[in-house]
Structures are given as structure tokens and as C-alpha cells.
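Next up, start_18.cif (mmCIF, C-alpha atoms):
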```cif
data_target
loop_
_atom_site.label_atom_id
_atom_site.label_comp_id
_atom_site.auth_asym_id
_atom_site.auth_seq_id
_atom_site.Cartn_x
_atom_site.Cartn_y
_atom_site.Cartn_z
CA MET A 811 27.33 -9.87 -2.47
CA ILE A 812 25.61 -13.28 -2.46
CA TRP A 813 25.85 -13.39 1.33
CA VAL A 814 24.12 -9.99 1.66
CA SER A 815 21.30 -11.14 -0.66
CA VAL A 816 20.71 -14.30 1.36
CA ILE A 817 20.56 -12.30 4.61
CA LYS A 818 17.98 -9.94 3.15
CA ASN A 819 15.85 -12.80 1.84
CA THR A 820 15.33 -13.96 5.43
CA LYS A 821 13.01 -10.97 5.86
CA LYS A 822 9.47 -12.06 5.09
CA VAL A 823 6.99 -9.81 3.30
CA SER A 824 3.24 -9.97 3.93
CA CYS A 825 1.48 -8.59 0.86
CA LEU A 826 -2.06 -7.36 1.53
CA MET A 827 -4.87 -7.00 -0.99
CA SER A 828 -8.53 -6.17 -0.48
CA VAL A 829 -10.83 -6.82 -3.43
CA TYR A 830 -14.46 -5.98 -4.06
CA ASN A 831 -16.00 -7.08 -7.37
CA GLY A 832 -12.58 -7.07 -8.99
CA GLU A 833 -12.99 -9.77 -11.64
CA ASN A 834 -11.87 -7.51 -14.52
CA TYR A 835 -8.32 -6.91 -13.28
CA LEU A 836 -7.84 -9.38 -10.43
CA GLU A 837 -5.99 -12.13 -12.31
CA GLN A 838 -3.23 -9.92 -13.70
CA SER A 839 -2.90 -8.15 -10.36
CA VAL A 840 -2.45 -11.39 -8.39
CA GLU A 841 -0.08 -12.80 -11.01
CA SER A 842 2.12 -9.71 -10.73
CA ILE A 843 2.73 -10.54 -7.07
CA LEU A 844 3.31 -14.24 -7.70
CA ARG A 845 5.99 -13.27 -10.26
CA GLN A 846 8.07 -11.28 -7.77
CA THR A 847 11.78 -12.06 -7.87
CA TYR A 848 11.83 -11.76 -4.08
CA ASP A 849 10.06 -14.98 -3.17
CA ASN A 850 9.98 -14.90 0.65
CA PHE A 851 6.44 -13.59 1.02
CA GLU A 852 2.91 -14.51 1.95
CA PHE A 853 -0.06 -13.09 0.05
CA LEU A 854 -3.08 -12.24 2.18
CA ILE A 855 -6.22 -11.40 0.21
CA VAL A 856 -9.63 -10.45 1.61
CA ASN A 857 -12.71 -10.86 -0.55
CA ASP A 858 -14.70 -7.88 0.72
CA GLY A 859 -18.24 -9.11 0.07
CA SER A 860 -17.94 -9.46 -3.72
CA ASN A 861 -20.89 -10.68 -5.78
CA ASP A 862 -19.08 -11.25 -9.08
CA ASN A 863 -16.53 -13.97 -9.98
CA THR A 864 -13.93 -12.72 -7.51
CA GLU A 865 -14.38 -15.71 -5.17
CA ILE A 866 -13.91 -18.23 -7.99
CA ILE A 867 -10.76 -16.50 -9.25
CA LEU A 868 -9.24 -16.37 -5.76
CA LYS A 869 -9.98 -20.03 -5.00
CA ASP A 870 -8.33 -21.04 -8.26
CA PHE A 871 -5.16 -19.13 -7.39
CA LYS A 872 -5.08 -20.49 -3.84
CA ALA A 873 -5.26 -24.06 -5.15
CA LYS A 874 -2.14 -23.42 -7.21
CA ASP A 875 0.02 -21.42 -4.76
CA ASN A 876 0.19 -22.05 -1.02
CA ARG A 877 1.60 -18.57 -0.34
CA ILE A 878 -1.94 -17.25 -0.85
CA LYS A 879 -4.28 -16.98 2.13
CA ILE A 880 -7.91 -16.01 1.53
CA PHE A 881 -10.16 -14.20 4.00
CA ASP A 882 -13.85 -13.48 3.45
CA ASN A 883 -16.07 -10.64 4.61
CA ASN A 884 -19.75 -11.58 4.60
CA ILE A 885 -20.59 -7.95 3.86
CA ASN A 886 -18.60 -5.16 2.27
CA LEU A 887 -16.58 -3.59 5.11
CA GLY A 888 -14.52 -1.23 2.98
CA LEU A 889 -10.79 -0.91 2.46
CA THR A 890 -9.77 0.44 5.87
CA LYS A 891 -11.29 -2.30 8.02
CA SER A 892 -10.31 -4.99 5.53
CA LEU A 893 -6.65 -3.96 5.60
CA ASN A 894 -6.61 -3.91 9.40
CA LYS A 895 -8.04 -7.43 9.38
CA LEU A 896 -5.18 -8.59 7.16
CA ILE A 897 -2.52 -6.78 9.19
CA SER A 898 -3.75 -8.61 12.29
CA ASN A 899 -3.14 -11.91 10.48
CA ALA A 900 0.19 -10.99 8.87
CA LYS A 901 3.28 -13.00 9.83
CA GLY A 902 5.92 -11.07 7.86
CA ASP A 903 8.59 -8.59 8.90
CA PHE A 904 7.23 -6.13 6.35
CA ILE A 905 3.74 -5.25 5.17
CA ALA A 906 3.36 -4.55 1.44
CA ARG A 907 0.24 -3.19 -0.23
CA GLN A 908 -1.23 -4.16 -3.57
CA ASP A 909 -4.47 -2.88 -5.07
CA ALA A 910 -6.62 -5.42 -6.89
CA ASP A 911 -6.65 -3.50 -10.18
CA ASP A 912 -2.95 -2.58 -10.29
CA ILE A 913 0.26 -4.35 -11.27
CA SER A 914 3.55 -4.64 -9.38
CA PHE A 915 6.68 -5.00 -11.50
CA PRO A 916 8.77 -8.14 -10.78
CA GLU A 917 11.59 -6.35 -8.94
CA ARG A 918 9.32 -4.33 -6.65
CA PHE A 919 9.63 -6.33 -3.40
CA LYS A 920 13.36 -6.90 -3.85
CA SER A 921 14.04 -3.22 -4.49
CA GLN A 922 11.95 -2.04 -1.57
CA VAL A 923 13.36 -4.50 0.97
CA GLU A 924 16.88 -3.47 -0.04
CA TYR A 925 16.01 0.24 0.08
CA LEU A 926 14.46 0.01 3.55
CA SER A 927 17.49 -1.88 4.82
CA LYS A 928 20.09 0.36 3.18
CA LYS A 929 18.56 3.62 4.41
CA ASN A 930 17.24 2.29 7.73
CA LEU A 931 13.69 3.44 6.94
CA ASP A 932 10.41 2.53 8.57
CA ALA A 933 8.41 2.67 5.34
CA CYS A 934 8.73 3.52 1.68
CA THR A 935 6.67 3.80 -1.47
CA THR A 936 7.75 3.84 -5.10
CA LYS A 937 6.89 5.74 -8.23
CA ALA A 938 4.21 4.40 -10.56
CA VAL A 939 3.10 4.74 -14.15
CA GLY A 940 -0.55 5.30 -15.03
CA ARG A 941 -2.03 2.46 -17.08
CA GLN A 942 -4.17 4.68 -19.28
CA SER A 943 -1.91 7.73 -19.55
CA GLN A 944 1.40 5.80 -19.57
CA LYS A 945 2.87 8.74 -17.67
CA VAL A 946 4.85 8.64 -14.45
CA LEU A 947 2.51 9.81 -11.70
CA HIS A 948 3.34 12.69 -9.35
CA ASN A 949 6.36 13.42 -11.52
CA LYS A 950 6.09 17.21 -11.30
CA THR A 951 6.07 17.25 -7.51
CA SER A 952 8.94 14.77 -7.16
CA PHE A 953 11.43 17.67 -7.23
CA ILE A 954 9.79 19.32 -4.22
CA PRO A 955 10.63 18.09 -0.69
CA THR A 956 8.07 15.46 0.35
CA LYS A 957 7.25 17.21 3.64
CA VAL A 958 6.32 20.37 1.72
CA VAL A 959 4.07 18.55 -0.77
CA PHE A 960 2.51 16.58 2.08
CA LYS A 961 0.88 19.74 3.50
CA TYR A 962 -1.23 20.10 0.37
CA LYS A 963 -1.71 16.56 -0.93
CA ASN A 964 -0.62 12.98 -0.44
CA PRO A 965 2.55 12.38 -2.51
CA PHE A 966 2.71 8.67 -1.62
CA ILE A 967 1.11 6.01 -3.82
CA HIS A 968 -0.71 3.72 -1.42
CA GLY A 969 -0.54 0.56 -3.53
CA THR A 970 3.27 0.72 -3.49
CA LEU A 971 3.62 0.94 0.28
CA MET A 972 6.06 -1.29 2.15
CA ILE A 973 6.30 -0.77 5.91
CA LYS A 974 7.75 -2.54 8.92
CA THR A 975 5.01 -4.66 10.46
CA GLY A 976 5.95 -3.63 13.99
CA VAL A 977 5.70 0.05 13.07
CA ILE A 978 2.22 -0.07 11.53
CA LYS A 979 0.96 -2.04 14.52
CA LYS A 980 2.57 0.38 16.95
CA ILE A 981 0.69 3.37 15.51
CA GLY A 982 -2.61 1.49 15.72
CA MET A 983 -2.77 0.37 12.08
CA TYR A 984 -5.21 2.27 9.82
CA ASN A 985 -7.55 4.70 11.55
CA GLU A 986 -10.98 3.14 10.96
CA ILE A 987 -12.72 6.52 11.18
CA PHE A 988 -11.17 7.20 7.77
CA LYS A 989 -13.27 5.27 5.26
CA PHE A 990 -11.47 7.21 2.52
CA SER A 991 -8.00 8.80 2.31
CA GLN A 992 -6.96 6.22 4.89
CA ASP A 993 -3.49 6.19 3.36
CA TYR A 994 -3.06 9.98 3.78
CA LYS A 995 -4.01 9.58 7.44
CA LEU A 996 -1.61 6.65 7.85
CA PHE A 997 1.31 8.60 6.43
CA TYR A 998 0.42 11.55 8.64
CA ASP A 999 0.43 9.29 11.71
CA LEU A 1000 3.81 7.90 10.69
CA MET A 1001 5.51 11.21 9.96
CA SER A 1002 4.02 13.08 12.92
CA ASN A 1003 5.37 10.36 15.22
CA GLY A 1004 8.88 10.65 13.84
CA TYR A 1005 8.98 7.55 11.64
CA LYS A 1006 11.13 7.71 8.54
CA VAL A 1007 9.24 7.45 5.26
CA GLU A 1008 10.67 8.00 1.78
CA ILE A 1009 9.74 7.52 -1.87
CA LEU A 1010 12.02 5.16 -3.78
CA ASN A 1011 12.83 6.89 -7.05
CA GLU A 1012 12.04 3.87 -9.22
CA CYS A 1013 8.89 3.15 -11.21
CA LEU A 1014 7.88 -0.29 -9.91
CA TYR A 1015 4.08 -0.21 -10.23
CA GLU A 1016 1.35 0.30 -12.79
CA LEU A 1017 -1.73 2.06 -11.43
CA ASN A 1018 -5.16 1.76 -12.99
CA GLU A 1019 -6.51 5.31 -13.39
CA LYS A 1020 -9.97 4.27 -14.63
CA GLU A 1021 -12.87 3.74 -12.22
CA ASN A 1022 -10.66 3.33 -9.17
CA ILE A 1023 -11.47 4.48 -5.64
CA SER A 1024 -9.96 7.93 -6.21
CA SER A 1025 -12.08 8.64 -9.27
CA LEU A 1026 -15.31 6.94 -8.15
CA PHE A 1027 -15.35 8.55 -4.72
CA LYS A 1028 -13.59 11.84 -5.42
CA LEU A 1029 -15.72 13.98 -3.11
CA GLU A 1030 -15.42 11.51 -0.22
CA GLN A 1031 -11.68 11.29 -0.72
CA GLU A 1032 -11.38 15.07 -0.60
CA GLU A 1033 -13.55 15.30 2.50
CA TYR A 1034 -11.35 12.93 4.48
CA ALA A 1035 -8.14 14.35 3.01
CA ASN A 1036 -9.15 17.78 4.31
CA LYS A 1037 -9.33 16.34 7.81
CA VAL A 1038 -5.68 15.31 7.50
CA LYS A 1039 -4.68 18.71 6.11
CA TYR A 1040 -6.37 20.39 9.06
CA ASP A 1041 -4.41 18.19 11.47
CA ILE A 1042 -1.18 19.03 9.64
CA LYS A 1043 -1.95 22.73 10.01
CA LEU A 1044 -2.57 22.35 13.73
CA LYS A 1045 0.62 20.33 14.12
CA ASN A 1046 2.66 23.05 12.43
CA ILE A 1047 1.21 25.68 14.78
CA TYR A 1048 1.96 23.41 17.73
CA PHE A 1049 5.58 23.00 16.70
CA LYS A 1050 5.95 26.77 16.20
CA ASN A 1051 4.69 27.40 19.73
CA LYS A 1052 7.20 24.88 21.09
#
```
Serialized structure, C-alpha cells:
Amino acid sequence: MIWVSVIKNTKKVSCLMSVYNGENYLEQSVESILRQTYDNFEFLIVNDGSNDNTEIILKDFKAKDNRIKIFDNNINLGLTKSLNKLISNAKGDFIARQDADDISFPERFKSQVEYLSKKNLDACTTKAVGRQSQKVLHNKTSFIPTKVVFKYKNPFIHGTLMIKTGVIKKIGMYNEIFKFSQDYKLFYDLMSNGYKVEILNECLYELNEKENISSLFKLEQEEYANKVKYDIKLKNIYFKNK
């Protein structure tokens, strides 16, 4: 058992975070990654044109932990382009996501690396609890096959994503046309190209439900999500005709 654990720890994780004016939650979010029990990782963070104390907070963390690498955008480029920038600089075998206002539980990386290896998956996400509601998110739809739910909404929690680095690069990373719902588009690209994606049935993440991208830009999120749903519909027709 010890031998298996050592072998798995040779796989390096590149954790990616993009932050814009995130001073209120940034410290606890970064600390949640630094406390991971799986310690073979690098932490790539892009300061996406913040004008609050984000830069000061990040510099302080970097001075204390050499696993942290900071990148700066002179202007706010948005999540999609910022994540692609970090992917291009990632050195790990796996890419892991982390949102700047959320918290990863200590066993998250370890559990996901083991799950990907055990089931020979290309990517996986986990369950999450809402910070304000203290309820497990997407719990009602977890009993419905993921591919069925996927036609109507995105069942994957983006901040919990872990994916093989080679796979996300092979599909062209995030589609930069999608300024919002970029995760829905990413999962569509993965699944429509035959990659294996599953949800690990463990709650390993706490998601901030207040003033996050989904609530602040609800209409924009829906607009881009509808583009993905339309593509899914076309894909289903295509497969039927085959």
C-alpha cells in the first residue's frame, strides 16, 4: 500500500487560479491549497488586473511558499484567457482548478489523483457544499445519469476540476470565444471527443454562492450555456443519422 502511494505521488498537479479583486476570500482560498495532503503540486495564480489588495496578498504568499508562481495581466482579460495562459505555463501531469473565493478540503488532490488513476479517467470533478446554504450542490440530479443531465445544464462544478494536462491541451484548452460558461463548453468538447469524465462522489470543496460569477453574470452565463446546449442538440441529431 505504501508503494502504491509513493508511485501516485510522482504525478505532479498544476493548480490554476485566476483572481480579480479577490481580497475578501483570497487568503483562505490559497491556504486551502497549501494545506493539501498531496504535496506534489505547483500553484499557478494569475492576478487578472486587480485594483484592490490582491497583489499584496499574493506576493506575501509567494515569499513564504516556492510552489506558488504569480502571473500578472496588465488589464482584466477574464477567466477564459487567464486560464489558458496558466495552462500554457503548467508543468504538471494534471491540471486542477481552484476559484479564488472557494475552499478545497485537504484530501481533495489526493482523492482525485487516486480516482483518475483507479478508473483510468481523463478528467473528474467532485461534489461541493455551498458556503451560505451549507447544502450539497447538485444533489438532486446526482441520481440521474450525467450524460442526461448534461443536455439541460452543466452538472460539473468547475472549481473542482482535475484533468490530464495532455488532454486539455489536445482539445485546444478553453475556447476563448466563451467568455462565460467556458467550463460547460470545455466539458462538451471533452465528452463529444470521447474522453472519459466522471464526478467523484465525495464532497471535497466549499463553493461561495454569494456574488460569484454565476450570480453576478447570470444572463451572460445563460447566453453562452445556450450555445453549448444547441451544439449538444445538433450532435445528438448527427449521431442519430449515423
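Considering the residues A:Tyr830, A:Phe966, A:Tyr835, A:Tyr1015 and counting all atoms listed in the file, Leu887 (chain A) has its shortest atom-to-atom contact with A:Tyr830.
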Counting only C-alpha atoms, what is within 6 Å of region 928-933 of chain A, bar same-chain residues fewer than 5 positions away, as a short mmCIF file (atom, residue, chain, number, x, y, z; two decimals) with C-alpha atoms, keeping the file's coordinate frame?
```
data_model
loop_
_atom_site.label_atom_id
_atom_site.label_comp_id
_atom_site.auth_asym_id
_atom_site.auth_seq_id
_atom_site.Cartn_x
_atom_site.Cartn_y
_atom_site.Cartn_z
CA MET A 972 6.06 -1.29 2.15
CA ILE A 973 6.30 -0.77 5.91
CA LYS A 974 7.75 -2.54 8.92
CA LYS A 1006 11.13 7.71 8.54
CA VAL A 1007 9.24 7.45 5.26
#
```
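Considering the residues A:Ala938, A:Leu854, A:Val946, A:Val923 and counting all atoms listed in the file, Arg907 (chain A) has its shortest atom-to-atom contact with A:Leu854.
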At what distance in Å, to one decimal, does CA of Tyr1005 (chain A) lie from CA of Asn964 (chain A)?
-> 16.4 Å
Contact residues around Glu1021 (chain A) with all atoms listed in the file at 12 Å, ignoring same-chain residues under 5 positions, as a PDB file with C-alpha atoms, keeping the file's coordinate frame:
```
ATOM      1  CA  GLY A 832     -12.580  -7.070  -8.990  1.00  0.00           C
ATOM      2  CA  ASN A 834     -11.870  -7.510 -14.520  1.00  0.00           C
ATOM      3  CA  TYR A 835      -8.320  -6.910 -13.280  1.00  0.00           C
ATOM      4  CA  ASP A 911      -6.650  -3.500 -10.180  1.00  0.00           C
ATOM      5  CA  ASP A 912      -2.950  -2.580 -10.290  1.00  0.00           C
ATOM      6  CA  ARG A 941      -2.030   2.460 -17.080  1.00  0.00           C
ATOM      7  CA  GLN A 942      -4.170   4.680 -19.280  1.00  0.00           C
ATOM      8  CA  LEU A1026     -15.310   6.940  -8.150  1.00  0.00           C
ATOM      9  CA  PHE A1027     -15.350   8.550  -4.720  1.00  0.00           C
ATOM     10  CA  LYS A1028     -13.590  11.840  -5.420  1.00  0.00           C
TER      11      LYS A1028
END
```
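Across the structure, CA of Gly982 (chain A) and CA of Asn850 (chain A) are spaced 25.6 Å apart.
With distances taken over all atoms listed in the file, A:Ser839 is the one residue among A:Thr864, A:Asn949, A:Ser839, A:Thr936 lying closest to Leu826 (chain A).
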Determine the residue set returned by the PyMOL selection byres ((chain A and resi 902) around 7) for the present structure, and present it as an MDAnalysis selection string.
-> chainID A and resid 822:824 900:901 903:905 975
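Ranking A:Gln1031, A:Ser943, A:Gln908, A:Thr890 by their shortest atom-to-atom distance to Thr970 (chain A), with all atoms listed in the file included, puts A:Gln908 first.
CA of Ala873 (chain A) to CA of Phe851 (chain A) spans 16.9 Å [interatomic distance, one decimal].
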Quick one: 3 Å padding each side, axis-aligned, all listed atoms of region 967-983 of chain A - centre and edge lengths in Å to one decimal, as AutoDock Vina command-line options?
```
--center_x 2.5 --center_y 0.7 --center_z 6.6 --size_x 16.5 --size_y 16.7 --size_z 26.8
```
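Near Lys872 (chain A), within a cut-off of 12 Å and counting only C-alpha atoms, sit the residues Glu837, Val840, Glu841, Leu844, Glu852, Phe853, Leu854, Ile855, Glu865, Ile866, Ile867, Leu868, Lys869, Asp875, Asn876, Arg877, Ile878, Lys879, Ile880 and Phe881 of chain A, with same-chain residues fewer than 3 positions away left out.
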File dump, residues just selected, C-alpha atoms, as a PDB file, keeping the file's coordinate frame:
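Now in result_5.pdb:
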```pdb
ATOM      1  CA  GLU A 837      -5.990 -12.130 -12.310  1.00  0.00           C
ATOM      2  CA  VAL A 840      -2.450 -11.390  -8.390  1.00  0.00           C
ATOM      3  CA  GLU A 841      -0.080 -12.800 -11.010  1.00  0.00           C
ATOM      4  CA  LEU A 844       3.310 -14.240  -7.700  1.00  0.00           C
ATOM      5  CA  GLU A 852       2.910 -14.510   1.950  1.00  0.00           C
ATOM      6  CA  PHE A 853      -0.060 -13.090   0.050  1.00  0.00           C
ATOM      7  CA  LEU A 854      -3.080 -12.240   2.180  1.00  0.00           C
ATOM      8  CA  ILE A 855      -6.220 -11.400   0.210  1.00  0.00           C
ATOM      9  CA  GLU A 865     -14.380 -15.710  -5.170  1.00  0.00           C
ATOM     10  CA  ILE A 866     -13.910 -18.230  -7.990  1.00  0.00           C
ATOM     11  CA  ILE A 867     -10.760 -16.500  -9.250  1.00  0.00           C
ATOM     12  CA  LEU A 868      -9.240 -16.370  -5.760  1.00  0.00           C
ATOM     13  CA  LYS A 869      -9.980 -20.030  -5.000  1.00  0.00           C
ATOM     14  CA  ASP A 875       0.020 -21.420  -4.760  1.00  0.00           C
ATOM     15  CA  ASN A 876       0.190 -22.050  -1.020  1.00  0.00           C
ATOM     16  CA  ARG A 877       1.600 -18.570  -0.340  1.00  0.00           C
ATOM     17  CA  ILE A 878      -1.940 -17.250  -0.850  1.00  0.00           C
ATOM     18  CA  LYS A 879      -4.280 -16.980   2.130  1.00  0.00           C
ATOM     19  CA  ILE A 880      -7.910 -16.010   1.530  1.00  0.00           C
ATOM     20  CA  PHE A 881     -10.160 -14.200   4.000  1.00  0.00           C
TER      21      PHE A 881
END
```
